[in-house]
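Take a look at the structure set out below.
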Amino acid sequence: MIETKNLSKAFHDFWAVDDVNLDVQPGQILALLGQNGAGKTTLLRTIAGLDTPDSGNIVWQNDIKVGYLDQSPDLNQTLSILENVFKGNDEASMAITRYEKALESNDKKEMEIASGLMDSLNAWELEIQARQILTQLKITDLSQNIATLSGGQQKRVALASTLISRPDFLILDEPTNHLDLEMVEWLEEFLANNRISMLMVTHDRSFLDRVCTDIMEIDDKQVFWYKGNYSYFLEKRQQRIETRNANIEKSTNTF
């Protein structure tokens with residue numbers, strides 16, 4: 001679904017991402033791990049097209065729809081939850097926004113017009129799914145202004161908007177931050193049922209263990225790939241470190 005070739009990105013002469021190659025296939029859920037400052041968020045932003053790489057290429061599968069969740073989402077503070085969630089310019093999103101606003105104001109004439117639009121665009125299934133996602137993330141008052149929400153609530157609104165957009169590929173930076181256990185379990189089930197491929201950064205070890213198919217570790221600007229979940233990663237990483245230390249000791253003793 002996506003392939004990067006020799007991808008590099010520098011900030012002020014510091015190479016945050018250096019010569020990264022990755023290849024994510026349909027159905028894979030890949031987590032990026034590494035120390036703070038290793039370049040994980042920079043890599044996500046570069047792949048998502050928010051930062052421009054200094055060198056290398058990013059190749060996406062044709063006609064793929066990508067959803068991106070920033071670690072600190074930049075929502076429009078002057079708009080409502082509804083307007084932020086359905087921020088797309090496509091006709092279905094605009095019809096749903098119009099219908100939901102009519103419901104809130106109990107404007108029967110506008111509801112009739114909006115319902116007709118929903119019918120013509122086959123948007124009811126999307127509206128139902130959107131309602132389910134919002135409910136699971138405990139977002140109920142869609143008329144509430146974004147500026148009145150806490151940072152955690154805004155993160156959940158941004159996550160809902162990303163999922164509702166029906167992406168083929170998700171790029172998520174700390175998706176489980178500000179989610180309670182019930183929400184995390186629901187998100188795991190949602191990802192499994194919708195078979196969405198994903199690239200993410202998270203410190204939630206339990207989530208990593210239950211969701212990931214692959215883990216990519218960035219360690220001292222080197223990239224190591226592990227075909228398995230977090231428990232598998234811990235085992236194989238320890239073996240890698242022990243082998244490296246043994247080789248260093250052997251080399252030192254040789255001299």
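We label chains A, B, ... in the order they appear in the structure tokens, count residues from 1 in each chain, and number ligands from 1 in the order shown.
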All helix (DSSP H, G or I) positions in region 40-130 of chain A, as a count of residues only: 49
Produce a table with one row for each residue of region 104-175 of chain A that has an atom at most 8 Å from any atom of region 80-98 of chain A, each row naming the nearest atom pair and its distance in Å at one decimal; use only C-alpha atoms; arrange rows by chain and rising residue number; format as CSV.
```
residue,atom,partner,partner_atom,distance
A:Ala114,CA,A:Arg98,CA,6.1
A:Leu117,CA,A:Ala95,CA,6.2
A:Met118,CA,A:Ala95,CA,6.0
A:Leu121,CA,A:Ala92,CA,6.2
A:Asn122,CA,A:Ala92,CA,7.9
A:Ala123,CA,A:Ala92,CA,5.6
A:Glu127,CA,A:Ile96,CA,6.5
A:Asp141,CA,A:Ile81,CA,7.8
A:Leu142,CA,A:Leu82,CA,4.9
A:Ser143,CA,A:Ser80,CA,5.5
A:Gln144,CA,A:Ser80,CA,5.4
A:Asn145,CA,A:Ser80,CA,4.1
A:Ile146,CA,A:Ser80,CA,5.4
A:Val157,CA,A:Val85,CA,6.7
A:Ala158,CA,A:Val85,CA,7.1
A:Ala160,CA,A:Val85,CA,6.9
A:Ser161,CA,A:Val85,CA,4.4
A:Ile164,CA,A:Val85,CA,7.8
```
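Considering the residues A:Ile139, A:Pro26, A:Thr162, A:Glu100 and counting only C-alpha atoms, Trp124 (chain A) has its shortest atom-to-atom contact with A:Glu100.
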Taking the backbone alone, and naming residues the way the document does, which bits of region 21-144 of chain A are strand (DSSP E) by DSSP, as number ranges by chain? A: 21-24, 29-34, 55-60, 66-69
Since we have the selection now, will you write its residues out, keeping N, CA and C atoms, as a tab-separated table (two decimals), in the first residue's frame?
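Written out: result.tsv:
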```tsv
chain	number	residue	atom	x	y	z
A	21	ASN	N	13.66	2.82	4.74
A	21	ASN	CA	12.94	2.04	3.74
A	21	ASN	C	11.88	1.20	4.45
A	22	LEU	N	10.64	1.36	4.02
A	22	LEU	CA	9.59	0.51	4.58
A	22	LEU	C	8.59	0.16	3.48
A	23	ASP	N	7.90	-0.94	3.70
A	23	ASP	CA	6.93	-1.44	2.73
A	23	ASP	C	5.77	-2.04	3.52
A	24	VAL	N	4.61	-1.38	3.46
A	24	VAL	CA	3.44	-1.84	4.21
A	24	VAL	C	2.42	-2.42	3.24
A	29	ILE	N	-0.44	-3.96	10.22
A	29	ILE	CA	-0.50	-2.86	11.19
A	29	ILE	C	0.90	-2.72	11.78
A	30	LEU	N	1.56	-1.67	11.37
A	30	LEU	CA	2.97	-1.45	11.69
A	30	LEU	C	3.11	-0.35	12.72
A	31	ALA	N	3.85	-0.64	13.79
A	31	ALA	CA	4.13	0.36	14.82
A	31	ALA	C	5.59	0.79	14.73
A	32	LEU	N	5.84	2.08	14.92
A	32	LEU	CA	7.18	2.61	14.99
A	32	LEU	C	7.56	2.78	16.45
A	33	LEU	N	8.68	2.20	16.85
A	33	LEU	CA	9.16	2.31	18.22
A	33	LEU	C	10.55	2.93	18.23
A	34	GLY	N	10.87	3.59	19.32
A	34	GLY	CA	12.19	4.19	19.47
A	34	GLY	C	12.17	5.19	20.61
A	55	SER	N	15.30	13.92	0.98
A	55	SER	CA	15.71	12.98	-0.06
A	55	SER	C	14.87	11.71	0.06
A	56	GLY	N	14.87	10.93	-1.00
A	56	GLY	CA	14.10	9.69	-1.02
A	56	GLY	C	12.72	9.87	-1.63
A	57	ASN	N	11.99	8.77	-1.72
A	57	ASN	CA	10.68	8.76	-2.36
A	57	ASN	C	9.65	8.06	-1.50
A	58	ILE	N	8.39	8.48	-1.67
A	58	ILE	CA	7.24	7.82	-1.05
A	58	ILE	C	6.31	7.42	-2.18
A	59	VAL	N	6.02	6.13	-2.26
A	59	VAL	CA	5.17	5.62	-3.33
A	59	VAL	C	3.92	5.01	-2.73
A	60	TRP	N	2.76	5.58	-3.07
A	60	TRP	CA	1.48	5.08	-2.59
A	60	TRP	C	0.79	4.25	-3.66
A	66	VAL	N	-6.03	8.02	2.55
A	66	VAL	CA	-5.22	8.00	3.76
A	66	VAL	C	-5.85	8.87	4.84
A	67	GLY	N	-5.94	8.34	6.05
A	67	GLY	CA	-6.41	9.11	7.19
A	67	GLY	C	-5.25	9.35	8.15
A	68	TYR	N	-5.10	10.59	8.62
A	68	TYR	CA	-3.98	10.94	9.50
A	68	TYR	C	-4.48	11.55	10.80
A	69	LEU	N	-3.97	11.05	11.92
A	69	LEU	CA	-4.27	11.60	13.24
A	69	LEU	C	-3.00	12.14	13.85
```
Residue contacts of Arg237 (chain A) (12 Å, only C-alpha atoms) excluding same-chain residues fewer than 2 positions away, as an NGL selection string: :A and (33-34 or 215-219 or 223-235 or 239-244)
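CA of Val211 (chain A) sits 11.9 Å away from CA of Asn193 (chain A).
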What separation in Å, quoted to one decimal, exists between CA of Gly152 (chain A) and CA of Gln77 (chain A)? 14.4 Å
